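Text of work-v1.cif, listed as mmCIF, C-alpha atoms:
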data_model
loop_
_atom_site.label_atom_id
_atom_site.label_comp_id
_atom_site.auth_asym_id
_atom_site.auth_seq_id
_atom_site.Cartn_x
_atom_site.Cartn_y
_atom_site.Cartn_z
CA MET A 1 -66.77 -101.69 0.57
CA VAL A 2 -65.39 -103.95 3.28
CA ASP A 3 -62.29 -101.76 3.70
CA PRO A 4 -62.29 -98.77 1.33
CA ARG A 5 -58.61 -98.10 2.07
CA LEU A 6 -57.77 -101.33 0.20
CA PRO A 7 -54.37 -101.88 1.80
CA SER A 8 -54.04 -105.35 0.26
CA LYS A 9 -54.12 -103.71 -3.18
CA ILE A 10 -52.04 -100.65 -2.46
CA TYR A 11 -49.24 -102.59 -0.73
CA GLN A 12 -48.86 -104.55 -3.99
CA GLY A 13 -48.70 -101.37 -6.07
CA ILE A 14 -52.18 -101.79 -7.54
CA THR A 15 -53.74 -98.42 -8.30
CA THR A 16 -56.56 -99.39 -10.69
CA GLU A 17 -58.91 -102.37 -10.74
CA ILE A 18 -61.32 -103.42 -13.49
CA THR A 19 -64.14 -105.60 -12.19
CA GLY A 20 -67.22 -107.36 -13.51
CA GLU A 21 -66.33 -110.73 -15.06
CA GLY A 22 -69.67 -112.02 -16.29
CA GLY A 23 -71.32 -111.09 -13.02
CA SER A 24 -71.13 -107.48 -11.89
CA ALA A 25 -72.06 -105.31 -8.92
CA ALA A 26 -75.06 -103.98 -10.86
CA PRO A 27 -77.70 -104.04 -12.09
CA LEU A 28 -79.52 -105.63 -9.19
CA ASN A 29 -83.09 -106.53 -8.38
CA ASP A 30 -84.73 -107.92 -5.27
CA SER A 31 -84.58 -111.49 -6.55
CA ILE A 32 -80.82 -111.42 -7.13
CA ILE A 33 -80.21 -109.74 -3.78
CA GLN A 34 -82.20 -112.44 -2.03
CA THR A 35 -80.49 -115.27 -3.93
CA ASP A 36 -77.04 -113.86 -3.18
CA ARG A 37 -77.88 -112.78 0.38
CA SER A 38 -75.33 -115.09 2.00
CA ASN A 39 -72.49 -113.43 0.09
CA TYR A 40 -73.57 -109.94 1.11
CA ASP A 41 -74.04 -111.04 4.71
CA HIS A 42 -70.62 -112.69 4.80
CA TYR A 43 -68.94 -109.39 3.97
CA LYS A 44 -71.46 -107.33 5.97
CA ILE A 45 -72.49 -105.37 2.87
CA THR A 46 -75.92 -103.84 2.44
CA PRO A 47 -76.73 -103.75 -1.29
CA ASP A 48 -78.60 -100.45 -1.29
CA TRP A 49 -78.19 -99.80 -5.01
CA LYS A 50 -79.85 -101.18 -8.13
CA THR A 51 -78.05 -99.41 -10.99
CA PHE A 52 -74.42 -98.70 -11.73
CA ARG A 53 -75.09 -94.99 -11.30
CA GLN A 54 -76.19 -95.68 -7.73
CA TYR A 55 -73.32 -98.10 -7.11
CA PHE A 56 -70.68 -95.64 -8.34
CA ALA A 57 -72.30 -92.86 -6.31
CA ARG A 58 -71.99 -94.97 -3.16
CA LEU A 59 -68.32 -95.65 -3.85
CA GLU A 60 -67.64 -91.97 -4.45
CA LYS A 61 -69.44 -91.01 -1.25
CA GLN A 62 -67.49 -93.42 0.95
CA GLY A 63 -64.19 -92.94 -0.91
CA MET A 64 -61.74 -95.65 -1.88
CA GLY A 65 -57.99 -96.12 -2.07
CA ILE A 66 -57.69 -97.03 -5.77
CA ASN A 67 -59.30 -96.27 -9.11
CA LEU A 68 -62.15 -98.52 -10.21
CA ALA A 69 -63.90 -99.34 -13.48
CA SER A 70 -66.39 -102.09 -14.22
CA TYR A 71 -67.90 -104.02 -17.05
CA VAL A 72 -71.58 -104.85 -17.02
CA GLY A 73 -71.84 -108.61 -16.85
CA ALA A 74 -73.87 -110.42 -19.48
CA THR A 75 -74.71 -112.95 -16.77
CA GLN A 76 -75.96 -110.12 -14.59
CA VAL A 77 -78.43 -108.75 -17.11
CA ARG A 78 -79.52 -112.31 -17.96
CA ARG A 79 -80.28 -113.00 -14.29
CA ILE A 80 -82.30 -109.78 -14.03
CA VAL A 81 -84.56 -110.83 -16.90
CA LEU A 82 -84.45 -114.66 -16.94
CA GLY A 83 -83.23 -115.65 -13.51
CA ASP A 84 -80.84 -118.59 -13.29
CA ASP A 85 -82.84 -120.94 -15.51
CA ASP A 86 -81.60 -122.68 -18.65
CA LYS A 87 -83.84 -120.97 -21.18
CA GLN A 88 -83.65 -118.55 -24.08
CA PRO A 89 -85.01 -115.00 -24.03
CA THR A 90 -88.04 -114.05 -26.06
CA PRO A 91 -87.55 -111.06 -28.38
CA ALA A 92 -89.15 -108.85 -25.74
CA GLN A 93 -86.88 -110.21 -23.01
CA LEU A 94 -83.81 -109.68 -25.17
CA GLU A 95 -84.85 -106.06 -25.62
CA GLN A 96 -85.02 -105.76 -21.82
CA MET A 97 -81.49 -107.13 -21.57
CA LYS A 98 -80.22 -104.74 -24.23
CA ALA A 99 -81.85 -101.83 -22.40
CA LEU A 100 -80.02 -102.82 -19.21
CA VAL A 101 -76.72 -102.80 -21.08
CA ARG A 102 -77.48 -99.36 -22.54
CA GLU A 103 -78.29 -98.02 -19.09
CA ALA A 104 -75.08 -99.47 -17.65
CA MET A 105 -73.02 -97.95 -20.45
CA GLN A 106 -74.66 -94.57 -19.89
CA ASP A 107 -73.78 -94.94 -16.21
CA GLY A 108 -70.10 -95.33 -17.10
CA THR A 109 -69.24 -99.01 -17.54
CA ALA A 110 -66.45 -100.07 -19.89
CA GLY A 111 -68.32 -102.67 -21.94
CA VAL A 112 -69.93 -106.10 -21.69
CA SER A 113 -68.22 -109.13 -20.18
CA THR A 114 -68.93 -112.85 -20.06
CA SER A 115 -67.78 -115.82 -18.00
CA LEU A 116 -69.15 -118.56 -20.18
CA GLU A 117 -68.00 -121.58 -18.17
CA TYR A 118 -70.14 -120.74 -15.13
CA ALA A 119 -73.92 -121.18 -14.92
CA PRO A 120 -76.15 -119.53 -15.91
CA ALA A 121 -73.79 -117.94 -18.47
CA PRO A 122 -73.40 -121.07 -20.68
CA TYR A 123 -77.13 -120.98 -21.41
CA ALA A 124 -76.63 -117.85 -23.52
CA LYS A 125 -76.36 -118.47 -27.25
CA THR A 126 -73.88 -116.57 -29.39
CA ASP A 127 -76.57 -114.37 -30.95
CA GLU A 128 -77.63 -113.18 -27.50
CA LEU A 129 -74.07 -112.13 -26.72
CA ILE A 130 -73.73 -110.37 -30.07
CA ALA A 131 -76.87 -108.38 -29.32
CA LEU A 132 -75.58 -107.27 -25.91
CA ALA A 133 -72.08 -106.48 -27.18
CA THR A 134 -73.60 -104.42 -29.99
CA GLU A 135 -75.33 -102.22 -27.44
CA ALA A 136 -72.07 -101.69 -25.58
CA GLY A 137 -70.32 -100.83 -28.84
CA LYS A 138 -72.73 -97.97 -29.47
CA PHE A 139 -71.16 -96.22 -26.47
CA GLY A 140 -67.55 -97.10 -27.27
CA GLY A 141 -67.52 -100.20 -25.07
CA ILE A 142 -65.66 -103.45 -25.64
CA TYR A 143 -66.38 -107.16 -25.23
CA SER A 144 -64.28 -109.05 -22.69
CA THR A 145 -64.66 -112.75 -22.06
CA HIS A 146 -63.77 -115.77 -20.04
CA MET A 147 -64.48 -118.09 -22.98
CA ARG A 148 -66.71 -121.18 -23.02
CA SER A 149 -63.70 -123.46 -23.08
CA GLU A 150 -60.03 -123.09 -22.29
CA SER A 151 -59.28 -126.77 -22.90
CA ASP A 152 -60.38 -129.20 -25.63
CA SER A 153 -62.66 -126.71 -27.41
CA VAL A 154 -60.47 -123.65 -27.02
CA LEU A 155 -60.19 -123.00 -30.77
CA ASP A 156 -63.97 -123.17 -31.18
CA SER A 157 -64.31 -120.75 -28.28
CA ILE A 158 -61.90 -118.33 -29.92
CA ASP A 159 -63.96 -118.55 -33.12
CA GLU A 160 -67.09 -117.64 -31.16
CA THR A 161 -65.32 -114.77 -29.41
CA LEU A 162 -64.03 -113.33 -32.68
CA ARG A 163 -67.45 -113.70 -34.28
CA ILE A 164 -68.98 -111.67 -31.45
CA GLY A 165 -66.42 -108.92 -31.94
CA ARG A 166 -66.82 -108.94 -35.72
CA GLU A 167 -70.63 -108.91 -35.81
CA ALA A 168 -71.02 -106.49 -32.90
CA HIS A 169 -68.25 -104.23 -34.29
CA VAL A 170 -66.47 -104.03 -30.95
CA PRO A 171 -62.95 -104.66 -29.67
CA VAL A 172 -62.45 -108.04 -28.04
CA GLU A 173 -60.40 -109.01 -25.01
CA ILE A 174 -59.83 -112.63 -24.01
CA TRP A 175 -59.09 -113.01 -20.32
CA HIS A 176 -56.42 -115.40 -19.02
CA LEU A 177 -55.81 -116.93 -22.44
CA LYS A 178 -54.45 -120.44 -21.99
CA VAL A 179 -54.88 -124.10 -22.85
CA ALA A 180 -55.93 -126.17 -19.85
CA GLY A 181 -55.56 -129.87 -19.20
CA LYS A 182 -52.63 -132.20 -19.74
CA SER A 183 -54.06 -133.47 -23.03
CA ASN A 184 -53.80 -129.92 -24.40
CA TRP A 185 -50.23 -129.19 -23.38
CA GLY A 186 -48.31 -127.89 -26.35
CA ARG A 187 -51.33 -126.37 -28.13
CA MET A 188 -50.56 -122.75 -27.24
CA PRO A 189 -48.85 -122.13 -30.64
CA GLU A 190 -52.18 -123.03 -32.31
CA VAL A 191 -53.98 -120.49 -30.15
CA VAL A 192 -51.42 -117.75 -30.81
CA ALA A 193 -51.44 -118.50 -34.54
CA LYS A 194 -55.23 -118.14 -34.63
CA ILE A 195 -55.29 -114.78 -32.85
CA THR A 196 -52.13 -113.06 -34.07
CA PRO A 197 -53.21 -112.30 -37.68
CA LEU A 198 -56.34 -110.56 -36.40
CA ALA A 199 -54.48 -108.70 -33.67
CA MET A 200 -52.01 -107.44 -36.30
CA LEU A 201 -54.76 -105.80 -38.35
CA GLU A 202 -54.34 -102.72 -36.17
CA PRO A 203 -52.52 -101.68 -32.99
CA THR A 204 -53.43 -103.71 -29.90
CA SER A 205 -52.37 -103.65 -26.31
CA PRO A 206 -49.44 -105.97 -25.56
CA PRO A 207 -50.21 -109.28 -23.88
CA THR A 208 -50.30 -109.16 -20.11
CA ARG A 209 -49.43 -112.09 -17.91
CA THR A 210 -50.78 -113.05 -14.55
CA PRO A 211 -49.45 -115.82 -12.30
CA THR A 212 -51.81 -118.72 -11.69
CA PRO A 213 -52.05 -120.76 -8.48
CA HIS A 214 -50.17 -123.54 -10.27
CA GLY A 215 -47.12 -121.36 -10.89
CA SER A 216 -47.60 -121.09 -14.65
CA MET A 217 -48.38 -117.93 -16.56
CA THR A 218 -51.43 -117.05 -18.63
CA SER A 219 -51.67 -114.38 -21.31
CA ARG A 220 -54.34 -111.83 -22.05
CA ARG A 221 -54.58 -110.17 -25.44
CA SER A 222 -56.90 -107.56 -26.91
CA CYS A 223 -58.00 -107.90 -30.55
CA ARG A 224 -59.85 -105.01 -32.08
CA PRO A 225 -61.56 -106.09 -35.33
CA GLY A 226 -63.00 -103.17 -37.25
CA ARG A 227 -61.59 -100.51 -34.92
CA THR A 228 -59.44 -97.58 -36.01
CA MET A 229 -56.64 -96.12 -33.92
CA ALA A 230 -58.77 -93.00 -33.42
CA ALA A 231 -61.61 -95.10 -32.03
CA GLN A 232 -59.19 -96.85 -29.68
CA GLN A 233 -57.78 -93.54 -28.50
CA ASN A 234 -61.30 -92.29 -27.85
CA LEU A 235 -62.04 -95.39 -25.80
CA SER A 236 -58.81 -95.01 -23.84
CA SER A 237 -59.53 -91.38 -23.01
CA ALA A 238 -63.19 -91.89 -22.13
#
What is this file in structure tokens?
Amino acid sequence: MVDPRLPSKIYQGITTEITGEGGSAAPLNDSIIQTDRSNYDHYKITPDWKTFRQYFARLEKQGMGINLASYVGATQVRRIVLGDDDKQPTPAQLEQMKALVREAMQDGTAGVSTSLEYAPAPYAKTDELIALATEAGKFGGIYSTHMRSESDSVLDSIDETLRIGREAHVPVEIWHLKVAGKSNWGRMPEVVAKITPLAMLEPTSPPTRTPTPHGSMTSRRSCRPGRTMAAQQNLSSA
């Protein structure tokens, strides 16, 4: 929205961007807009949308230089219903959150995402995330995550991620898979060994690597528990 031509992307050969890591451009309400006002003002953006349908319509009207898709952020729907507080949703509030995910999926999002190291995302329990991912799965969506830990508790975080995929019956993608911290150097074989048998259950996308500011490389891998090739092809062509 700052510069719809997106020269910084195009000059690097980027033609498609997937956004929405935990937080997402929508849904919005007045409270979130007010809380995040300084960010909008910094980029001189007027958030005149509330839903993804409205957000996508604005992008289409103004035009843009690349293709765009977005996840609906689990943090985003949590903030709509619960604000930024450390508390758990009541059954009625969880139904509100699930309804927001359904609406976002109907508007064209790719699935549900989390960024579980950044408040207020860590306040969400696993069952809450399973409930939201289940709603996305009903529309062919996937679950993508920046896990709770990429350091000492990385294996526990993988277990949680795989549980979400298994119980929600959705494909899983782990973003920037790595082991962080000097004390964890050398543990990547453990991580790969934990994921590979599940990834081999059916065809998955190959790992992708992105350079980090520290000059190392991190991997991203998609695991699709319970998905058939036909289901994956349907998701890819959606």
### Task
Apply the PyMOL selection byres ((chain A and resi 26) around 12) to the file shown and report the selected residues as an NGL selection string.
:A and (19-25 or 27-30 or 32-33 or 47-56 or 70-80 or 100-101 or 103-105 or 107-109)
### Task
Name the residues in contact with A:Arg5 at a cut-off of 12 Å, using all atoms listed in the file, excluding same-chain residues fewer than 6 positions from it; report them as a VMD selection string.
chain A and resid 11 15 59 62 to 67
Selection export as a tab-separated table (two decimals), in the coordinates of the input, atoms kept: C-alpha atoms:
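The resulting file, part_25.tsv, is reproduced below:
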chain	number	residue	atom	x	y	z
A	11	TYR	CA	-49.24	-102.59	-0.73
A	15	THR	CA	-53.74	-98.42	-8.30
A	59	LEU	CA	-68.32	-95.65	-3.85
A	62	GLN	CA	-67.49	-93.42	0.95
A	63	GLY	CA	-64.19	-92.94	-0.91
A	64	MET	CA	-61.74	-95.65	-1.88
A	65	GLY	CA	-57.99	-96.12	-2.07
A	66	ILE	CA	-57.69	-97.03	-5.77
A	67	ASN	CA	-59.30	-96.27	-9.11
### Task
Using the chain letters and numbering of this document, enumerate as an MDAnalysis selection string the residues selected by the PyMOL selection byres ((chain A and resi 157-166) around 7).
chainID A and resid 129:130 143 147:149 153:156 167:172 225
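Here, the PyMOL selection byres ((chain A and resi 123) around 9) matches Asp85, Asp86, Lys87, Gln88, Leu116, Ala119, Pro120, Ala121, Pro122, Ala124 and Lys125 of chain A.
Rounded to one decimal, atom CA of A:Thr46 and atom CA of A:Met1 lie 9.6 Å from each other.
Proximity to A:Thr90 was assessed for A:Tyr118, A:His42, A:Asp3, A:Glu128 counting all atoms listed in the file; the smallest distance is recorded for A:Glu128.
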### Contacts of A:Gly141 within 7 Å, all atoms listed in the file, excl. fewer than 2 positions in-chain, as a PyMOL selection string
chain A and resi 110-111+136-137+139
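Compared by their closest atoms to A:Leu94, and using only C-alpha atoms, the residues A:Ala131, A:Thr126, A:Glu117, A:Gln106 rank with A:Ala131 nearest.
Interatomic distance, atom CA of A:Ala99 against atom CA of A:Val81: 10.9 Å.
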### Message
Which polymer residues, whether protein, DNA or RNA, lie within 9 Å of the coordinate (-59.6, -126.3, -18.0) when you count only C-alpha atoms? List them as a PyMOL selection string, using the chain letters and numbers from the file.
### Response
chain A and resi 149-152+178-181
Atoms are missing here; could stretch 131-160 of chain A be completed with N, CA and C atoms and written as a tab-separated table (two decimals), keeping the file's coordinate frame?
chain	number	residue	atom	x	y	z
A	131	ALA	N	-75.90	-109.46	-29.53
A	131	ALA	CA	-76.87	-108.38	-29.32
A	131	ALA	C	-76.45	-107.48	-28.16
A	132	LEU	N	-75.99	-108.08	-27.07
A	132	LEU	CA	-75.58	-107.27	-25.91
A	132	LEU	C	-74.29	-106.50	-26.20
A	133	ALA	N	-73.34	-107.16	-26.85
A	133	ALA	CA	-72.08	-106.48	-27.18
A	133	ALA	C	-72.31	-105.34	-28.15
A	134	THR	N	-73.27	-105.50	-29.05
A	134	THR	CA	-73.60	-104.42	-29.99
A	134	THR	C	-74.06	-103.18	-29.25
A	135	GLU	N	-74.87	-103.37	-28.22
A	135	GLU	CA	-75.33	-102.22	-27.44
A	135	GLU	C	-74.16	-101.51	-26.76
A	136	ALA	N	-73.24	-102.29	-26.22
A	136	ALA	CA	-72.07	-101.69	-25.58
A	136	ALA	C	-71.24	-100.92	-26.60
A	137	GLY	N	-71.12	-101.48	-27.80
A	137	GLY	CA	-70.32	-100.83	-28.84
A	137	GLY	C	-70.86	-99.47	-29.24
A	138	LYS	N	-72.14	-99.26	-29.12
A	138	LYS	CA	-72.73	-97.97	-29.47
A	138	LYS	C	-72.21	-96.84	-28.58
A	139	PHE	N	-71.68	-97.21	-27.42
A	139	PHE	CA	-71.16	-96.22	-26.47
A	139	PHE	C	-69.63	-96.29	-26.36
A	140	GLY	N	-69.00	-96.98	-27.30
A	140	GLY	CA	-67.55	-97.10	-27.27
A	140	GLY	C	-67.04	-98.21	-26.39
A	141	GLY	N	-67.93	-99.12	-25.95
A	141	GLY	CA	-67.52	-100.20	-25.07
A	141	GLY	C	-66.90	-101.36	-25.81
A	142	ILE	N	-66.31	-102.28	-25.07
A	142	ILE	CA	-65.66	-103.45	-25.64
A	142	ILE	C	-66.32	-104.72	-25.12
A	143	TYR	N	-65.91	-105.86	-25.68
A	143	TYR	CA	-66.38	-107.16	-25.23
A	143	TYR	C	-65.21	-107.92	-24.64
A	144	SER	N	-65.32	-108.29	-23.36
A	144	SER	CA	-64.28	-109.05	-22.69
A	144	SER	C	-64.87	-110.38	-22.22
A	145	THR	N	-64.06	-111.44	-22.31
A	145	THR	CA	-64.66	-112.75	-22.06
A	145	THR	C	-63.72	-113.74	-21.39
A	146	HIS	N	-64.29	-114.49	-20.47
A	146	HIS	CA	-63.77	-115.77	-20.04
A	146	HIS	C	-64.51	-116.77	-20.92
A	147	MET	N	-63.83	-117.34	-21.90
A	147	MET	CA	-64.48	-118.09	-22.98
A	147	MET	C	-65.17	-119.36	-22.49
A	148	ARG	N	-65.98	-119.96	-23.37
A	148	ARG	CA	-66.71	-121.18	-23.02
A	148	ARG	C	-65.78	-122.33	-22.69
A	149	SER	N	-64.65	-122.38	-23.34
A	149	SER	CA	-63.70	-123.46	-23.08
A	149	SER	C	-62.29	-122.92	-23.17
A	150	GLU	N	-61.46	-123.40	-22.26
A	150	GLU	CA	-60.03	-123.09	-22.29
A	150	GLU	C	-59.23	-124.38	-22.41
A	151	SER	N	-59.93	-125.45	-22.83
A	151	SER	CA	-59.28	-126.77	-22.90
A	151	SER	C	-59.52	-127.37	-24.28
A	152	ASP	N	-60.25	-128.47	-24.37
A	152	ASP	CA	-60.38	-129.20	-25.63
A	152	ASP	C	-61.00	-128.35	-26.74
A	153	SER	N	-61.94	-127.50	-26.40
A	153	SER	CA	-62.66	-126.71	-27.41
A	153	SER	C	-62.18	-125.27	-27.47
A	154	VAL	N	-60.95	-125.02	-27.09
A	154	VAL	CA	-60.47	-123.65	-27.02
A	154	VAL	C	-60.50	-122.95	-28.37
A	155	LEU	N	-60.18	-123.64	-29.46
A	155	LEU	CA	-60.19	-123.00	-30.77
A	155	LEU	C	-61.61	-122.63	-31.20
A	156	ASP	N	-62.57	-123.50	-30.90
A	156	ASP	CA	-63.97	-123.17	-31.18
A	156	ASP	C	-64.41	-121.96	-30.36
A	157	SER	N	-63.94	-121.88	-29.13
A	157	SER	CA	-64.31	-120.75	-28.28
A	157	SER	C	-63.71	-119.45	-28.80
A	158	ILE	N	-62.50	-119.52	-29.32
A	158	ILE	CA	-61.90	-118.33	-29.92
A	158	ILE	C	-62.71	-117.90	-31.14
A	159	ASP	N	-63.13	-118.88	-31.95
A	159	ASP	CA	-63.96	-118.55	-33.12
A	159	ASP	C	-65.23	-117.82	-32.70
A	160	GLU	N	-65.88	-118.31	-31.63
A	160	GLU	CA	-67.09	-117.64	-31.16
A	160	GLU	C	-66.78	-116.23	-30.69
